[in-house]
Structures are given as C-alpha cells and as structure tokens.
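Everything on this sheet refers to the single structure shown next.
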Amino acid sequence: MITIKSKREIDIMREAGKLVALAHEYLKKQIKPGISTKRLDQMAEKFILKHGATPSFKGYNDYPAAICTSVNEVVVHGIPSKDVILKEGDIIAIDIGVYYKGYHGDGAWTYPVGKISDADKKLLQITKESLYEGIKQAVNGNRVSDISAAIENFIKQYGYGIVEEFTGHGIGQNLHEQPFVPNFGKPGRGAILKPGMTICIEPMINRGNKQIEILADNWTTVTKDKSNSAHFEHMIAIKEDGYEILTEL
Ligand code: MF3
Ligand code: CO
C-alpha cells in the first residue's frame with residue numbers, strides 16, 4: 001500500500017528531512033584523514049538525539065549503528081568501525097536516517113576525503129546528477145519507473161554500473177514503504193505518482209560493473225570488481241505541481 005501524507009504529516013517529514021540535512025552539514029565538517037568511521041557514527045548519534053530525534057537505522061533489522069559509512073568500494077551499508085580510518089583520497093558515502101515525531105527522514109551523500117582522483121570526482125558528480133535526473137521525474141501523474149528510466153538513461157552514457165539489488169523506497173511512519181523505486185528500467189510502469197506521496201530516490205553507482213557482494217557481516221555491500229562506488233539520496237514529496245526535496249536546508 002502506498003500511503004498519502006496530509007499537509008500536517010509532510011510538515012513533520014520536512015522537519016525530519018531538515019534534521020537529516022543538518023546532520024550531513026555537521027558530519028561533512030568532521031571528514032578528514034585520520035578520523036574513524038566509528039567516531040563519525042558517535043557524533044551523528046549524539047547530534048540526532050540532541051535534536052529530539054532517534055537514529056532510524058539503529059536496530060532496524062538489527063543494524064548495529066546510527067549511520068552507514070561506506071568507504072571506496074563499499075557500495076552501501078558500511079558499518080562504522082574504529083578500524084576504518086579515513087585517508088586522503090578516499091570517498092565516503094554517509095547515509096543518515098532520523099525518526100522524528102513518528103516519521104522518518106532519510107538521505108545519503110558521498111564526500112571526498114581531501115584530494116581525490118579525477119575519476120572519483122567524476123563518479124561523484126555523475127551519481128549526484130543522476131539523482132537530480134530522477135527527481136525531475138518525480139511529479140504528479142508520472143509513473144514510478146519514469147524515475148528509474150531517467151536515472152538509467154543518464155548513467156548509460158558513462159558506462160558505470162548501476163546497482164540493482166537495492167532501490168529507493170516510499171517512506172513515512174516506516175523507513176521503507178511502497179513503492180520501491182529501482183534505479184533502472186523502462187519508463188511508464190508502476191504506480192502513478194500523486195500529491196502527498198513521499199519517496200526516497202537513491203542511485204548507487206559503481207565505476208566498474210554492476211555486480212556486488214555482501215560480506216559475512218550480512219550488511220557491508222561491496223563491488224565485486226573492487227571499483228569505487230557512490231551513493232546519493234534525497235527524500236522528496238510529490239506536490240500538485242511538481243516535487244519538494246525534503247532533505248535540504
Ligand atoms: N538509506 C538506506 C535505505 O533507505 C539505509 C538503510 S540502512 C539500514 O535503505 F540499516 F537501516 F538498513
Ligand atoms: Co533510503
């Protein structure tokens with residue numbers, strides 16, 4: 001079932017989304033060579049709690065941390081660790097979910113650690129652009145797979161791998177709701193988008209091929225070919241006349 005949110009509910013989700021954006025702004029400043037992903041997780045959790053929310057991911061299917069920190073070839077769901085220390089030239093995707101007044105906010109961004117290679121700069125830029133290509137299609141009357149097709153069509157020309165095993169999703173009182181929003185596919189399929197729907201769009205793009213592997217911890221998802229991977233996610237609301245990005249300041 002796809003839930004339609006009232007204006008009151010969207011107002012709360014906008015606050016949750018703003019808190020996700022604030023947490024990103026805060027963590028972005030802490031990203032530097034020498035810091036562990038565990039430290040970032042601790043800072044994120046404190047920040048979220050201080051703002052009257054709780055971290056959505058902690059305990060979700062037994063996920064053990066507040067945020068996901070996915071470094072280099074880790075695609076998504078990297079578990080923060082004291083043994084993962086950022087170094088110059090890394091890229092790190094930070095995924096943050098907050099639960100606020102009964103609703104979730106969810107957003108991810110990939111950051112450079114110091115100076116990164118031109119190839120990784122391009123990966124970050126193109127993955128971010130693919131997110132906005134998807135968002136442009138998230139309007140009243142379009143179908144879910146119009147978002148998917150826009151992302152795939154944009155990425156195609158760069159020869160990157162689009163991860164297929166994980167998708168965007170509806171969001172609200174639950175972190176994951178219908179509809180699921182793949183990052184590839186033919187246009188014109190799936191549910192019709194209507195005002196009051198709230199969805200997360202989150203392309204996961206590999207510099208190499210699309211194949212992934214999940215490590216023994218059952219979370220950490222890496223590229224099979226060890227190429228670097230990027231992940232950008234916004235939570236948006238469908239409006240009468242377009243969309244609103246909720247995970248922005
Ligand atoms: N942004 C991801 C998602 O929406 C993060 C989920 S991590 C989990 O699926 F730990 F909560 F699973
Ligand atoms: Co998400």
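Ligands are numbered from 1 in the order shown, chains are lettered A, B, ... in the order of the structure tokens, and residues start at 1 in each chain.
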
Can you tell me which residues sit at most 6 Å away from ligand 2, counting only C-alpha atoms and all ligand atoms, written as a ChimeraX atom specification?
-> /A:106,168,200

Go ahead and write the selection's residues with N, CA and C atoms as a short mmCIF file (atom, residue, chain, number, x, y, z; two decimals), in the first residue's frame.
data_model
loop_
_atom_site.label_atom_id
_atom_site.label_comp_id
_atom_site.auth_asym_id
_atom_site.auth_seq_id
_atom_site.Cartn_x
_atom_site.Cartn_y
_atom_site.Cartn_z
N ASP A 106 15.39 10.43 5.59
CA ASP A 106 16.47 9.54 5.13
C ASP A 106 17.19 10.22 3.97
N GLY A 168 15.42 2.77 -4.23
CA GLY A 168 14.75 3.80 -3.46
C GLY A 168 13.42 3.22 -2.96
N CYS A 200 12.01 8.14 -1.29
CA CYS A 200 13.46 8.35 -1.33
C CYS A 200 13.97 7.83 -2.67
#

Residues within 8 Å of ligand 1 should be enumerated using only C-alpha atoms and all ligand atoms and returned as a count of residues only.
-> 29

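Closest to Gln137 in chain A among A:Ile236, A:Ile214, A:Ile12, A:Ile79 is A:Ile236, based on only C-alpha atoms.
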
In Å, with one decimal, what is the gap from CA of Asn218 in chain A to CA of Ser81 in chain A?
-> 15.1 Å

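Distance annotation: of A:Val75, A:Met1, A:Ile212, A:Ile155, the residue with the minimal separation from Leu131 in chain A is A:Ile155; atom set is only C-alpha atoms.
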
If you run DSSP on the backbone, which residues of range 81-171 of chain A are helix (DSSP H, G or I), as an NGL selection string?
-> :A and (118-136 or 144-156)

In Å to one decimal, how far is CA of Ile10 in chain A from CA of Gly185 in chain A?
-> 28.5 Å

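Remark: for Gly78 in chain A, the closest of the candidate residues A:Thr198, A:Tyr99, A:Lys38, A:Asp146 is A:Lys38 (distances computed over only C-alpha atoms).
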
Sel. of strand (DSSP E) residues, range 9-193 of chain A, as an MDAnalysis selection string | chainID A and resid 54:55 67:71 74:76 91:100 103:112 161:162 168:170 177:181

Tell me which of A:Pro55, A:Gly208, A:Gly170, A:Gly89 sits closest to Met235 in chain A, counting only C-alpha atoms.
-> A:Gly170

Using only C-alpha atoms, the best pick from A:Ser6, A:Thr37, A:Gln173, A:Asn140 as closest to Ile238 in chain A would be A:Asn140

Polymer residues at most 12 Å from Phe154 in chain A, only C-alpha atoms, same-chain spacing of 3 or more positions, as a ChimeraX atom specification | /A:126-134,147-151,157-162,183-184,203,205

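Contact shell of Leu86 in chain A at 10 Å (only C-alpha atoms; same-chain neighbours under 2 positions omitted): Ile31, Lys32, Pro33, Gly34, Ile35, Ser36, Thr37, Val71, Asp83, Val84, Glu88, Gly89, Asp90, Ile91, Ile92, Val113 and Gly114 of chain A.
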
Expected file contents, prior selection, C-alpha atoms, as a tab-separated table (two decimals), in the first residue's frame:
chain	number	residue	atom	x	y	z
A	31	ILE	CA	35.51	14.27	7.44
A	32	LYS	CA	39.29	14.35	7.28
A	33	PRO	CA	42.21	11.95	7.11
A	34	GLY	CA	42.72	10.18	10.46
A	35	ILE	CA	39.12	10.08	11.72
A	36	SER	CA	37.46	6.69	12.16
A	37	THR	CA	34.01	5.93	10.83
A	71	VAL	CA	34.16	3.91	2.03
A	83	ASP	CA	39.33	0.19	12.48
A	84	VAL	CA	38.17	2.08	9.40
A	88	GLU	CA	43.45	11.26	1.87
A	89	GLY	CA	41.94	10.23	-1.46
A	90	ASP	CA	39.10	8.11	-0.05
A	91	ILE	CA	35.46	8.67	-0.85
A	92	ILE	CA	32.84	8.06	1.84
A	113	VAL	CA	38.35	12.88	1.85
A	114	GLY	CA	40.88	15.57	0.99

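The spacing separating CA of Leu193 in chain A from CA of Val139 in chain A amounts to 6.5 Å.
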
Distance criterion (only C-alpha atoms): nearest to Ile48 in chain A out of A:Val98, A:Leu27, A:Ala93, A:Ala138 | A:Val98
